[in-house]
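Next comes final.txt, a file with compact mmCIF, C-alpha atoms.
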# COMPACT_ATOMS: atom_id res chain seq x y z
CA MET I 1 95.44 119.50 100.77
CA ALA I 2 98.79 118.26 102.05
CA LEU I 3 100.34 121.62 101.19
CA LEU I 4 97.71 123.58 103.11
CA ALA I 5 98.04 121.20 106.05
CA LEU I 6 101.79 121.86 106.11
CA THR I 7 101.28 125.62 105.99
CA GLU I 8 99.02 125.29 109.03
CA ILE I 9 102.08 124.19 111.02
CA GLU I 10 104.23 126.90 109.37
CA ALA I 11 106.33 124.46 107.37
CA GLN I 12 108.18 125.83 104.35
CA ALA I 13 106.71 123.78 101.51
CA ARG I 14 105.90 124.26 97.85
CA PHE I 15 103.67 122.60 95.29
CA VAL I 16 105.39 121.05 92.25
CA SER I 17 103.64 119.73 89.15
CA GLY I 18 105.14 117.80 86.29
CA TYR I 19 105.29 114.28 84.96
CA TYR I 20 106.13 110.82 86.24
CA VAL I 21 108.24 108.99 83.67
CA LYS I 22 107.25 105.33 83.54
CA GLU I 23 108.74 104.19 80.24
CA ALA I 24 111.15 105.23 77.51
CA GLY I 25 111.01 104.82 73.76
CA GLN I 26 113.59 103.15 71.55
CA SER I 27 115.59 106.36 71.30
CA GLY I 28 115.81 106.62 75.09
CA ASN I 29 113.50 109.60 75.31
CA ALA I 30 110.64 109.54 77.80
CA ASN I 31 107.19 108.58 76.60
CA LEU I 32 104.85 111.19 78.01
CA HIS I 33 101.07 111.12 77.72
CA ALA I 34 98.08 112.40 79.66
CA SER I 35 98.24 109.75 82.36
CA CYS I 36 101.84 110.75 83.22
CA GLY I 37 100.76 114.03 84.79
CA HIS I 38 101.58 114.19 88.49
CA ALA I 39 102.06 116.60 91.41
CA TRP I 40 104.09 116.39 94.61
CA LEU I 41 105.57 118.58 97.36
CA GLU I 42 109.00 119.79 98.37
CA VAL I 43 109.48 120.60 102.07
CA TRP I 44 112.52 122.57 103.27
CA ASP I 45 114.48 120.86 106.06
CA GLU I 46 116.52 123.55 107.83
CA TYR I 47 118.77 121.04 109.58
CA SER I 48 120.01 119.22 106.47
CA GLU I 49 119.62 122.48 104.47
CA ARG I 50 117.89 120.81 101.55
CA ALA I 51 114.45 120.33 100.08
CA VAL I 52 112.94 116.93 100.89
CA ARG I 53 110.58 115.45 98.32
CA LEU I 54 107.23 114.41 99.75
CA ASP I 55 104.56 112.60 97.75
CA ALA I 56 101.17 112.71 99.44
CA THR I 57 99.33 110.48 96.98
CA PRO I 58 98.03 107.40 98.85
CA LYS I 59 99.60 104.04 98.13
CA GLY I 60 97.87 101.37 96.08
CA ASP I 61 97.72 102.85 92.58
CA PRO I 62 97.67 99.77 90.30
CA THR I 63 99.37 101.62 87.45
CA ILE I 64 102.54 102.36 89.45
CA ASN I 65 105.60 100.16 89.85
CA GLU I 66 106.01 100.47 93.63
CA GLU I 67 109.46 98.84 93.68
CA GLN I 68 110.76 101.47 91.25
CA GLN I 69 109.01 104.18 93.25
CA GLU I 70 110.79 103.05 96.42
CA GLN I 71 114.14 103.29 94.59
CA ASP I 72 113.28 106.78 93.36
CA LEU I 73 112.53 107.93 96.90
CA ALA I 74 115.50 106.13 98.52
CA GLY I 75 116.87 108.32 101.30
CA GLU I 76 113.85 110.62 101.43
CA THR I 77 111.76 110.93 104.57
CA GLY I 78 108.43 111.28 102.77
CA GLU I 79 106.06 108.46 101.93
CA GLY I 80 103.45 107.89 99.25
CA ASP I 81 103.08 106.74 95.67
CA TYR I 82 103.41 108.51 92.39
CA GLY I 83 99.70 108.48 91.75
CA GLU I 84 97.69 109.78 88.85
CA HIS I 85 94.19 110.04 90.30
CA ASP I 86 91.67 112.38 88.73
CA ASP I 87 91.04 114.04 92.08
CA GLU I 88 94.72 114.60 92.91
CA ILE I 89 94.54 118.35 92.35
CA VAL I 90 91.33 119.46 94.02
CA SER I 91 89.73 122.88 94.02
CA GLU I 92 90.71 125.64 96.45
CA GLU I 93 87.16 125.63 97.82
CA GLU I 94 87.30 121.91 98.55
CA LEU I 95 90.70 122.24 100.17
CA LYS I 96 89.45 124.94 102.54
CA LYS I 97 86.41 122.84 103.32
CA ASN I 98 88.57 119.82 104.18
CA ILE I 99 90.90 121.88 106.38
CA ALA I 100 87.91 123.40 108.20
CA GLU I 101 86.48 119.93 108.77
CA LEU I 102 89.76 118.75 110.28
CA LYS I 103 89.81 121.75 112.60
CA ARG I 104 86.22 121.08 113.71
CA LYS I 105 87.11 117.48 114.40
CA GLN I 106 90.14 118.56 116.42
CA ALA I 107 88.04 121.02 118.44
CA SER I 108 85.40 118.38 119.16
CA GLU I 109 88.10 116.17 120.63
CA GLY I 110 89.12 118.90 123.05
CA GLU I 111 92.27 120.00 121.18
CA GLN I 112 91.25 123.52 120.29
CA THR I 113 94.73 125.00 120.60
CA ARG I 114 97.94 124.09 118.85
CA PRO I 115 100.24 121.80 120.85
CA LYS I 116 102.79 123.59 122.97
CA VAL I 117 105.57 121.41 121.56
CA ASP I 118 106.77 122.34 118.08
CA LEU I 119 106.84 119.43 115.65
CA ALA I 120 110.56 119.84 114.97
CA GLU I 121 111.24 119.79 118.71
CA GLN I 122 109.09 116.70 119.20
CA ARG I 123 110.79 114.95 116.30
CA PHE I 124 114.24 115.77 117.70
CA ALA I 125 113.19 114.67 121.21
CA ASP I 126 111.94 111.33 119.90
CA LEU I 127 115.12 110.63 117.95
CA ALA I 128 117.52 111.93 120.61
CA GLU I 129 115.58 110.26 123.45
CA CYS I 130 115.36 113.48 125.46
CA ARG I 131 112.48 115.63 126.72
CA PRO I 132 110.81 118.15 124.38
CA GLU I 133 111.99 121.07 126.49
CA GLN I 134 115.56 119.75 126.22
CA ALA I 135 115.12 119.46 122.47
CA ARG I 136 113.94 123.09 122.40
CA GLU I 137 117.01 124.20 124.35
CA PHE I 138 119.34 122.37 121.98
CA LEU I 139 117.70 123.59 118.78
CA GLN I 140 117.76 127.17 120.05
CA ALA I 141 121.44 126.79 120.93
CA LEU I 142 122.17 125.36 117.47
CA GLU I 143 120.44 128.30 115.81
CA ARG I 144 122.38 130.71 118.04
CA VAL I 145 125.85 129.28 117.42
CA ARG I 146 125.37 129.16 113.66
CA LYS I 147 125.13 132.97 113.81
CA ILE I 148 128.43 133.48 115.67
CA ALA I 149 130.47 135.77 113.40
CA ASP I 150 134.05 136.95 113.03
CA LYS I 151 135.17 140.58 113.27
CA GLN I 152 134.08 141.20 109.68
CA GLY I 153 130.57 139.96 110.45
CA HIS I 154 130.86 136.67 108.51
CA PRO I 155 129.31 133.66 110.27
CA ILE I 156 132.13 131.31 111.23
CA SER I 157 130.07 128.25 110.36
CA ASP I 158 129.63 129.55 106.80
CA ARG I 159 133.36 130.31 106.51
CA LEU I 160 134.30 126.77 107.44
CA LYS I 161 131.74 125.22 105.07
CA ASP I 162 132.64 127.57 102.21
CA GLU I 163 136.35 126.81 102.56
CA TRP I 164 135.64 123.09 102.57
CA ARG I 165 133.32 123.40 99.56
CA LYS I 166 136.11 125.12 97.59
CA ILE I 167 138.46 122.22 98.24
CA VAL I 168 135.84 119.68 97.24
CA GLU I 169 135.17 121.56 94.00
CA GLU I 170 138.88 121.86 93.24
CA ARG I 171 139.23 118.11 93.47
CA LYS I 172 136.82 117.69 90.58
CA ILE I 173 138.50 117.68 87.18
CA GLU I 174 137.01 117.51 83.73
CA SER I 175 138.27 115.14 81.05
CA HIS I 176 137.23 114.01 77.60
CA ASP I 177 135.46 110.72 77.21
CA TYR I 178 134.06 108.85 74.23
CA ARG I 179 130.79 107.02 74.53
CA GLY I 180 129.10 104.66 72.13
CA PRO I 181 127.57 103.06 70.28
CA VAL I 182 125.08 105.79 69.44
CA ARG I 183 123.03 106.70 66.36
CA MET I 184 124.73 108.57 63.52
CA ASP I 185 122.87 111.82 64.22
CA GLU I 186 124.19 111.79 67.81
CA GLY I 187 127.77 110.65 67.12
CA SER I 188 130.87 112.52 66.06
CA ARG I 189 132.87 109.59 64.60
CA LEU I 190 132.45 105.97 63.52
CA GLU I 191 133.25 103.48 66.28
CA ASP I 192 131.91 100.12 65.05
CA PRO I 193 131.91 99.82 61.21
CA VAL I 194 130.40 96.33 61.32
CA LEU I 195 127.41 97.44 63.40
CA ALA I 196 126.90 100.46 61.12
CA ALA I 197 127.13 98.29 57.96
CA ILE I 198 124.47 95.90 59.26
CA ASP I 199 122.09 98.80 59.89
CA ILE I 200 122.79 100.33 56.47
CA LYS I 201 122.15 97.02 54.68
CA SER I 202 118.85 96.73 56.53
CA SER I 203 117.91 100.15 55.12
CA GLU I 204 118.24 101.91 58.46
CA PHE I 205 118.18 105.65 57.78
CA ASN I 206 119.97 106.50 61.04
CA PRO I 207 122.48 103.65 61.64
CA THR I 208 124.15 103.00 64.97
CA GLY I 209 127.82 102.22 65.56
CA PHE I 210 129.01 105.79 66.13
CA GLU I 211 130.51 107.39 69.23
CA LYS I 212 130.22 110.84 70.69
CA ASP I 213 132.72 113.06 72.44
CA THR I 214 131.54 114.14 75.89
CA ARG I 215 133.07 116.01 78.80
CA VAL I 216 132.77 114.17 82.07
CA GLU I 217 133.55 115.29 85.59
CA LYS I 218 135.91 113.05 87.50
CA ILE I 219 137.08 113.24 91.09
CA GLU I 220 140.73 113.30 91.97
CA LEU I 221 141.57 111.47 95.18
CA ASP I 222 145.02 112.49 96.41
CA PHE I 223 144.25 112.80 100.14
CA GLY I 224 142.09 111.00 102.64
CA GLY I 225 140.37 113.92 104.30
CA ILE I 226 140.88 115.02 107.89
CA ASN I 227 140.09 113.82 111.41
CA VAL I 228 139.58 116.54 114.03
CA TYR I 229 139.88 115.73 117.74
CA PHE I 230 138.75 118.01 120.57
CA SER I 231 139.69 118.06 124.24
CA PHE I 232 137.34 120.29 126.25
CA ASP I 233 137.70 121.42 129.88
CA LEU I 234 135.03 120.85 132.53
CA SER I 235 137.14 121.52 135.61
CA GLY I 236 135.70 123.37 138.62
CA SER I 237 136.98 126.79 137.51
CA MET I 238 134.86 126.56 134.35
CA ALA I 239 131.83 127.50 136.48
CA GLU I 240 133.30 130.99 136.91
CA ALA I 241 132.22 133.93 134.73
CA ASP I 242 133.89 134.49 131.39
CA LEU I 243 135.56 137.92 131.31
CA ALA I 244 134.08 139.14 128.03
CA SER I 245 130.54 137.78 128.06
CA GLY I 246 129.73 137.45 131.75
CA ARG I 247 128.31 133.97 131.11
CA SER I 248 129.96 130.98 132.73
CA LYS I 249 133.06 129.74 130.93
CA LYS I 250 131.41 126.33 130.71
CA ASP I 251 128.44 127.72 128.77
CA VAL I 252 130.60 129.72 126.36
CA GLN I 253 132.82 126.68 125.74
CA ARG I 254 129.69 124.59 125.08
CA ASP I 255 128.68 127.04 122.35
CA VAL I 256 132.17 126.87 120.85
CA ALA I 257 132.07 123.08 120.88
CA LEU I 258 128.66 122.97 119.24
CA LEU I 259 129.68 125.56 116.64
CA PHE I 260 132.74 123.65 115.44
CA VAL I 261 131.44 120.11 115.66
CA ASP I 262 128.23 121.09 113.86
CA SER I 263 130.10 123.04 111.15
CA LEU I 264 132.57 120.22 110.52
CA MET I 265 129.78 117.65 110.41
CA GLN I 266 128.02 119.80 107.81
CA ALA I 267 131.27 119.79 105.83
CA ALA I 268 131.19 115.99 106.02
CA VAL I 269 127.72 116.09 104.46
CA ILE I 270 129.13 118.24 101.62
CA SER I 271 131.78 115.57 100.99
CA ARG I 272 129.23 112.77 100.89
CA ARG I 273 126.85 114.71 98.67
CA GLU I 274 129.49 115.85 96.17
CA GLY I 275 131.68 112.76 96.23
CA GLY I 276 128.96 110.13 95.81
CA GLU I 277 130.43 106.65 96.12
CA THR I 278 134.02 107.91 96.11
CA ASN I 279 133.89 109.06 99.76
CA LEU I 280 135.61 112.25 98.65
CA LEU I 281 137.56 113.99 101.44
CA PRO I 282 135.89 112.43 104.47
CA ILE I 283 135.80 114.28 107.80
CA LYS I 284 135.52 112.60 111.18
CA ILE I 285 135.19 114.26 114.58
CA MET I 286 136.01 113.11 118.12
CA ALA I 287 135.20 115.03 121.32
CA THR I 288 136.54 114.37 124.80
CA VAL I 289 136.00 116.13 128.14
CA ALA I 290 138.50 116.62 130.98
CA SER I 291 136.89 116.86 134.41
CA GLN I 292 137.72 114.53 137.28
CA THR I 293 139.01 112.18 134.60
CA GLY I 294 139.00 112.01 130.82
CA GLU I 295 135.83 110.89 129.03
CA THR I 296 134.94 110.34 125.39
CA LYS I 297 131.68 112.13 124.62
CA LEU I 298 131.72 111.69 120.85
CA PRO I 299 133.78 108.83 119.39
CA LEU I 300 135.56 109.39 116.09
CA THR I 301 132.64 109.56 113.65
CA ASP I 302 131.01 111.46 110.78
CA THR I 303 127.50 110.73 112.08
CA TRP I 304 125.68 113.78 113.43
CA GLY I 305 122.12 112.80 114.11
CA PRO I 306 119.95 113.85 117.06
CA LYS I 307 121.44 111.18 119.34
CA GLU I 308 125.00 112.37 118.73
CA GLN I 309 123.99 116.02 118.93
CA TRP I 310 122.23 115.63 122.26
CA ALA I 311 124.98 113.39 123.70
CA LEU I 312 127.63 116.05 123.05
CA TYR I 313 125.50 119.02 124.08
CA SER I 314 124.24 117.45 127.30
CA SER I 315 127.75 116.33 128.30
CA LEU I 316 128.94 119.94 128.12
CA THR I 317 126.10 121.19 130.30
CA GLN I 318 127.20 119.03 133.23
CA VAL I 319 128.33 120.60 136.49
CA ALA I 320 131.97 121.67 136.23
CA ARG I 321 134.06 120.03 138.92
CA GLY I 322 137.46 118.54 139.66
CA GLY I 323 140.76 119.39 138.04
CA THR I 324 141.97 119.47 134.44
CA PRO I 325 143.50 116.05 133.63
CA THR I 326 144.16 116.95 129.99
CA HIS I 327 146.71 114.15 129.66
CA THR I 328 143.89 111.61 130.12
CA THR I 329 141.82 113.07 127.25
CA LEU I 330 144.93 113.00 125.07
CA GLN I 331 145.39 109.33 125.98
CA LEU I 332 141.85 108.64 124.76
CA ILE I 333 142.61 110.52 121.56
CA GLU I 334 145.81 108.53 121.06
CA ARG I 335 143.94 105.22 121.44
CA SER I 336 141.43 106.32 118.82
CA LEU I 337 144.24 107.48 116.52
CA VAL I 338 146.09 104.17 116.83
CA LYS I 339 142.91 102.26 116.00
CA GLU I 340 142.19 104.52 113.03
CA LEU I 341 145.71 104.06 111.66
CA ALA I 342 145.45 100.30 112.09
CA ASP I 343 142.13 100.23 110.23
CA LEU I 344 143.57 102.29 107.39
CA LYS I 345 146.60 100.01 107.16
CA GLN I 346 144.37 96.94 107.07
CA LYS I 347 142.43 98.48 104.18
CA GLY I 348 145.69 99.00 102.29
CA THR I 349 145.33 102.78 102.21
CA ALA I 350 148.26 104.41 100.41
CA PHE I 351 150.34 106.92 102.34
CA GLU I 352 149.31 109.83 100.13
CA LYS I 353 145.64 109.08 100.82
CA MET I 354 145.96 108.98 104.60
CA PRO I 355 143.80 111.57 106.42
CA LEU I 356 145.31 114.50 108.24
CA HIS I 357 144.94 114.46 112.03
CA TYR I 358 144.42 117.62 114.10
CA THR I 359 143.79 118.07 117.83
CA ALA I 360 142.46 121.22 119.49
CA GLU I 361 143.24 121.05 123.22
CA ILE I 362 141.19 123.64 125.13
CA SER I 363 141.65 124.39 128.83
CA ASP I 364 141.11 127.05 131.44
CA GLY I 365 144.50 127.90 132.88
CA GLY I 366 146.38 124.80 131.78
CA SER I 367 146.61 121.12 132.65
CA ASP I 368 146.98 119.57 136.11
CA ASP I 369 150.02 117.62 134.95
CA ALA I 370 151.92 119.74 132.44
CA THR I 371 154.78 117.25 132.15
CA GLU I 372 152.55 114.27 131.33
CA THR I 373 150.46 116.40 128.97
CA GLU I 374 153.59 117.48 127.10
CA ASN I 375 154.72 113.83 126.89
CA MET I 376 151.38 113.03 125.27
CA HIS I 377 152.00 115.84 122.78
CA TYR I 378 155.29 114.22 121.74
CA SER I 379 153.67 110.82 121.46
CA LEU I 380 150.84 112.09 119.27
CA LYS I 381 153.08 114.19 117.04
CA ALA I 382 155.24 111.11 116.44
CA LYS I 383 152.10 109.65 114.81
CA ALA I 384 151.70 112.68 112.50
CA MET I 385 149.16 114.48 114.70
CA VAL I 386 149.04 118.29 114.59
CA ILE I 387 148.26 119.73 118.06
CA ARG I 388 147.24 123.21 119.11
CA SER I 389 146.91 123.96 122.82
CA TYR I 390 144.51 126.80 123.64
CA THR I 391 144.90 128.13 127.18
CA ILE I 392 142.25 130.68 128.18
CA GLY I 393 142.96 132.97 131.12
CA GLY I 394 146.52 131.73 131.58
CA SER I 395 149.70 130.81 129.75
CA SER I 396 151.32 127.59 128.61
CA ALA I 397 154.97 126.68 128.16
CA SER I 398 154.06 124.03 125.60
CA ALA I 399 155.71 124.24 122.19
CA ASP I 400 152.25 123.65 120.72
CA ALA I 401 150.55 126.52 122.58
CA ALA I 402 148.51 129.08 120.67
CA PRO I 403 148.78 132.72 121.78
CA PRO I 404 147.02 133.01 125.17
CA LEU I 405 143.43 134.26 125.21
CA GLU I 406 141.66 136.22 127.94
CA SER I 407 138.17 134.96 127.14
CA PHE I 408 136.50 131.89 125.67
CA SER I 409 134.58 134.34 123.51
CA GLN I 410 137.82 134.97 121.55
CA LEU I 411 138.23 131.29 120.74
CA PRO I 412 135.84 130.85 117.75
CA GLU I 413 137.70 133.18 115.38
CA ILE I 414 141.19 131.97 116.37
CA LEU I 415 140.25 128.27 116.21
CA ALA I 416 138.49 128.77 112.87
CA GLU I 417 141.65 130.25 111.36
CA ASP I 418 143.69 127.27 112.55
CA ILE I 419 141.22 124.69 111.23
CA ILE I 420 141.01 126.48 107.87
CA LYS I 421 144.81 126.38 107.78
CA GLN I 422 144.57 122.58 108.10
CA PHE I 423 141.90 122.48 105.39
CA ARG I 424 144.24 124.26 102.98
CA ARG I 425 146.77 121.47 103.28
CA LEU I 426 144.20 119.43 101.36
CA HIS I 427 144.11 121.64 98.24
CA PRO I 428 144.89 119.31 95.32
CA ARG I 429 147.91 119.46 93.08
CA LYS I 430 147.09 120.67 89.57
CA VAL I 431 146.91 117.73 87.20
CA LYS I 432 146.71 118.02 83.41
CA ILE I 433 144.39 115.58 81.64
Kindly present the structure from the file in structure tokens form.
Amino acid sequence: MALLALTEIEAQARFVSGYYVKEAGQSGNANLHASCGHAWLEVWDEYSERAVRLDATPKGDPTINEEQQEQDLAGETGEGDYGEHDDEIVSEEELKKNIAELKRKQASEGEQTRPKVDLAEQRFADLAECRPEQAREFLQALERVRKIADKQGHPISDRLKDEWRKIVEERKIESHDYRGPVRMDEGSRLEDPVLAAIDIKSSEFNPTGFEKDTRVEKIELDFGGINVYFSFDLSGSMAEADLASGRSKKDVQRDVALLFVDSLMQAAVISRREGGETNLLPIKIMATVASQTGETKLPLTDTWGPKEQWALYSSLTQVARGGTPTHTTLQLIERSLVKELADLKQKGTAFEKMPLHYTAEISDGGSDDATETENMHYSLKAKAMVIRSYTIGGSSASADAAPPLESFSQLPEILAEDIIKQFRRLHPRKVKI
């Protein structure tokens, strides 16, 4: 019934049947019997790009260890017990009858049409503390920017994630390990003769005390990931039309910002998922905006929930005004960098495990104070920061300037190449085990 209810709202869900393992035998194998049969759902979450397990069985089954069940579902958004009720899998006819009854009840309450607000939009609006129509605008923008492609037609978001995934995989190395004690029929050599002798004297046909050779995957930690800092431009000229697209420069830049921050945050999820407790190759992002003054819109973080997403997006939809005080955004970045370095030093982080630091400075026609901005470049580079200055619709005399661009629409491909270049500095050295 839960599955049909989800299909009514066009959710991508599937029915899964199997067994709930409650106990193991002496050999470590699961004890399965008729009462272990169970069914549950998997619902696809397009934002985390994974299937979320959802158990619709009501709570209160006396045969279930609820504490263990909570541990099994740790981190999942679904609720419910692993139940084993006789009526858990009902007939198709009864399911249709129940759905029809729910619809009749809804109609009798004056709700004969589906709500105008999509459930995903409402969920985002609740978490981001914005209006549903604002949530719709953001989610549509997110879907749009994830499709932005390079000249070969490859989505830039996928390129960044794929490159990062390669590095994560390369940092995993296999090595031999020996595990015991195990039974003789599982082991490859004798590890504990005393333990084996005791079992043999007690007439044990399959004595323990042996060990087995296994291949285990370990994670090599040579580097500490990367921190990426952005300085965006919201000066008055950003309200003008972009040459290539005809949209306002501000709007095109907003899409670029969302594309890269979202892609890098997804890479951070890959690190957490693949690295487990090792915090393999962490990524953190910081975003600042230069308008009448410099403002931090996203502090250095790897958190990318609805609140952070809406905070960044809404800040880049503001009215463009004032000049381009890029030196003030760089000052904010330097303060964050100094704090990050101090935190790493306090933790005793070795030099070879320090993160890389990269700043993308984006402006329309250059900074108001080129001299002070260049001084900030020197100051940041003295702290091992890599800086690239992207000037659209103008030129820059800075030693850190990228080739000038005519349109903000050209920025995604060029910036992606530069960030991937930074990624490749993290490829591990080959180590023999």
Find the smallest box with edges along x, y and z containing every listed atom of stretch 332-342 of chain I, then add 6 Å on each side and report centre and edge lengths in Å to one decimal, as JSON.
{"center_x": 143.8, "center_y": 105.4, "center_z": 118.2, "size_x": 16.7, "size_y": 22.2, "size_z": 25.1}
Neighbour residues at most 10 Å from (139.3, 114.0, 124.7) (all atoms listed in the file) as a PDB file with C-alpha atoms, in the frame of the given file:
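Writing the result to point_1.pdb gives the following:
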ATOM      1  CA  TYR I 229     139.880 115.730 117.740  1.00  0.00           C
ATOM      2  CA  PHE I 230     138.750 118.010 120.570  1.00  0.00           C
ATOM      3  CA  SER I 231     139.690 118.060 124.240  1.00  0.00           C
ATOM      4  CA  PHE I 232     137.340 120.290 126.250  1.00  0.00           C
ATOM      5  CA  ASP I 233     137.700 121.420 129.880  1.00  0.00           C
ATOM      6  CA  MET I 286     136.010 113.110 118.120  1.00  0.00           C
ATOM      7  CA  ALA I 287     135.200 115.030 121.320  1.00  0.00           C
ATOM      8  CA  THR I 288     136.540 114.370 124.800  1.00  0.00           C
ATOM      9  CA  VAL I 289     136.000 116.130 128.140  1.00  0.00           C
ATOM     10  CA  ALA I 290     138.500 116.620 130.980  1.00  0.00           C
ATOM     11  CA  GLY I 294     139.000 112.010 130.820  1.00  0.00           C
ATOM     12  CA  GLU I 295     135.830 110.890 129.030  1.00  0.00           C
ATOM     13  CA  THR I 296     134.940 110.340 125.390  1.00  0.00           C
ATOM     14  CA  LYS I 297     131.680 112.130 124.620  1.00  0.00           C
ATOM     15  CA  LEU I 298     131.720 111.690 120.850  1.00  0.00           C
ATOM     16  CA  PRO I 299     133.780 108.830 119.390  1.00  0.00           C
ATOM     17  CA  THR I 326     144.160 116.950 129.990  1.00  0.00           C
ATOM     18  CA  HIS I 327     146.710 114.150 129.660  1.00  0.00           C
ATOM     19  CA  THR I 328     143.890 111.610 130.120  1.00  0.00           C
ATOM     20  CA  THR I 329     141.820 113.070 127.250  1.00  0.00           C
ATOM     21  CA  LEU I 330     144.930 113.000 125.070  1.00  0.00           C
ATOM     22  CA  GLN I 331     145.390 109.330 125.980  1.00  0.00           C
ATOM     23  CA  LEU I 332     141.850 108.640 124.760  1.00  0.00           C
ATOM     24  CA  ILE I 333     142.610 110.520 121.560  1.00  0.00           C
ATOM     25  CA  GLU I 334     145.810 108.530 121.060  1.00  0.00           C
ATOM     26  CA  SER I 336     141.430 106.320 118.820  1.00  0.00           C
ATOM     27  CA  THR I 359     143.790 118.070 117.830  1.00  0.00           C
ATOM     28  CA  ALA I 360     142.460 121.220 119.490  1.00  0.00           C
ATOM     29  CA  GLU I 361     143.240 121.050 123.220  1.00  0.00           C
ATOM     30  CA  ILE I 362     141.190 123.640 125.130  1.00  0.00           C
TER      31      ILE I 362
END
Given all atoms listed in the file as the counted atoms, nearest of I:Ala370, I:Leu316, I:Leu119, I:Leu300 to I:Glu10 =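 Closest to I:Glu10 of all the choices is I:Leu119.
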Shell of 9 Å around I:Ala402, all atoms listed in the file, local chain residues under 6 positions omitted, as number ranges by chain | I: 388-391, 396, 414
Distance atom CA of I:Trp164-atom CA of I:Phe351, one decimal place?
->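 Interatomic distance, atom CA of I:Trp164 to atom CA of I:Phe351: 21.9 Å.
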Cut-off 10 Å around (138.6, 122.3, 96.8) with only C-alpha atoms: residues as a list in words | Asp162, Glu163, Trp164, Arg165, Lys166, Ile167, Val168, Glu169, Glu170, Arg171, Lys172, Leu281, Phe423, Arg424, Leu426, His427 and Pro428 of chain I
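Comparing the minimum interatomic distances between I:Glu42 and each of I:Phe408, I:Trp304, I:Phe15, I:Phe260, counting only C-alpha atoms, we find that I:Phe15 sits nearest.
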Within 12 Å of I:His357, counting all atoms listed in the file, which residues show up once you throw out same-chain ones fewer than 5 positions away? Write them as an mmCIF file with C-alpha atoms, in the coordinates of the input, please.
data_model
loop_
_atom_site.group_PDB
_atom_site.id
_atom_site.type_symbol
_atom_site.label_atom_id
_atom_site.label_comp_id
_atom_site.auth_asym_id
_atom_site.auth_seq_id
_atom_site.Cartn_x
_atom_site.Cartn_y
_atom_site.Cartn_z
ATOM 1 C CA GLY I 224 142.090 111.000 102.640
ATOM 2 C CA GLY I 225 140.370 113.920 104.300
ATOM 3 C CA ILE I 226 140.880 115.020 107.890
ATOM 4 C CA ASN I 227 140.090 113.820 111.410
ATOM 5 C CA VAL I 228 139.580 116.540 114.030
ATOM 6 C CA TYR I 229 139.880 115.730 117.740
ATOM 7 C CA PHE I 230 138.750 118.010 120.570
ATOM 8 C CA PRO I 282 135.890 112.430 104.470
ATOM 9 C CA ILE I 283 135.800 114.280 107.800
ATOM 10 C CA LYS I 284 135.520 112.600 111.180
ATOM 11 C CA ILE I 285 135.190 114.260 114.580
ATOM 12 C CA MET I 286 136.010 113.110 118.120
ATOM 13 C CA LEU I 300 135.560 109.390 116.090
ATOM 14 C CA ILE I 333 142.610 110.520 121.560
ATOM 15 C CA GLU I 334 145.810 108.530 121.060
ATOM 16 C CA SER I 336 141.430 106.320 118.820
ATOM 17 C CA LEU I 337 144.240 107.480 116.520
ATOM 18 C CA VAL I 338 146.090 104.170 116.830
ATOM 19 C CA GLU I 340 142.190 104.520 113.030
ATOM 20 C CA LEU I 341 145.710 104.060 111.660
ATOM 21 C CA LEU I 380 150.840 112.090 119.270
ATOM 22 C CA LYS I 381 153.080 114.190 117.040
ATOM 23 C CA ALA I 382 155.240 111.110 116.440
ATOM 24 C CA LYS I 383 152.100 109.650 114.810
ATOM 25 C CA ALA I 384 151.700 112.680 112.500
ATOM 26 C CA MET I 385 149.160 114.480 114.700
ATOM 27 C CA VAL I 386 149.040 118.290 114.590
ATOM 28 C CA ILE I 387 148.260 119.730 118.060
ATOM 29 C CA ARG I 388 147.240 123.210 119.110
ATOM 30 C CA ILE I 419 141.220 124.690 111.230
ATOM 31 C CA GLN I 422 144.570 122.580 108.100
ATOM 32 C CA PHE I 423 141.900 122.480 105.390
ATOM 33 C CA ARG I 425 146.770 121.470 103.280
ATOM 34 C CA LEU I 426 144.200 119.430 101.360
#
How many Å separate atom CA of I:His154 from atom CA of I:Arg50?
->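 Atom-to-atom, atom CA of I:His154 and atom CA of I:Arg50 are spaced 21.6 Å apart.
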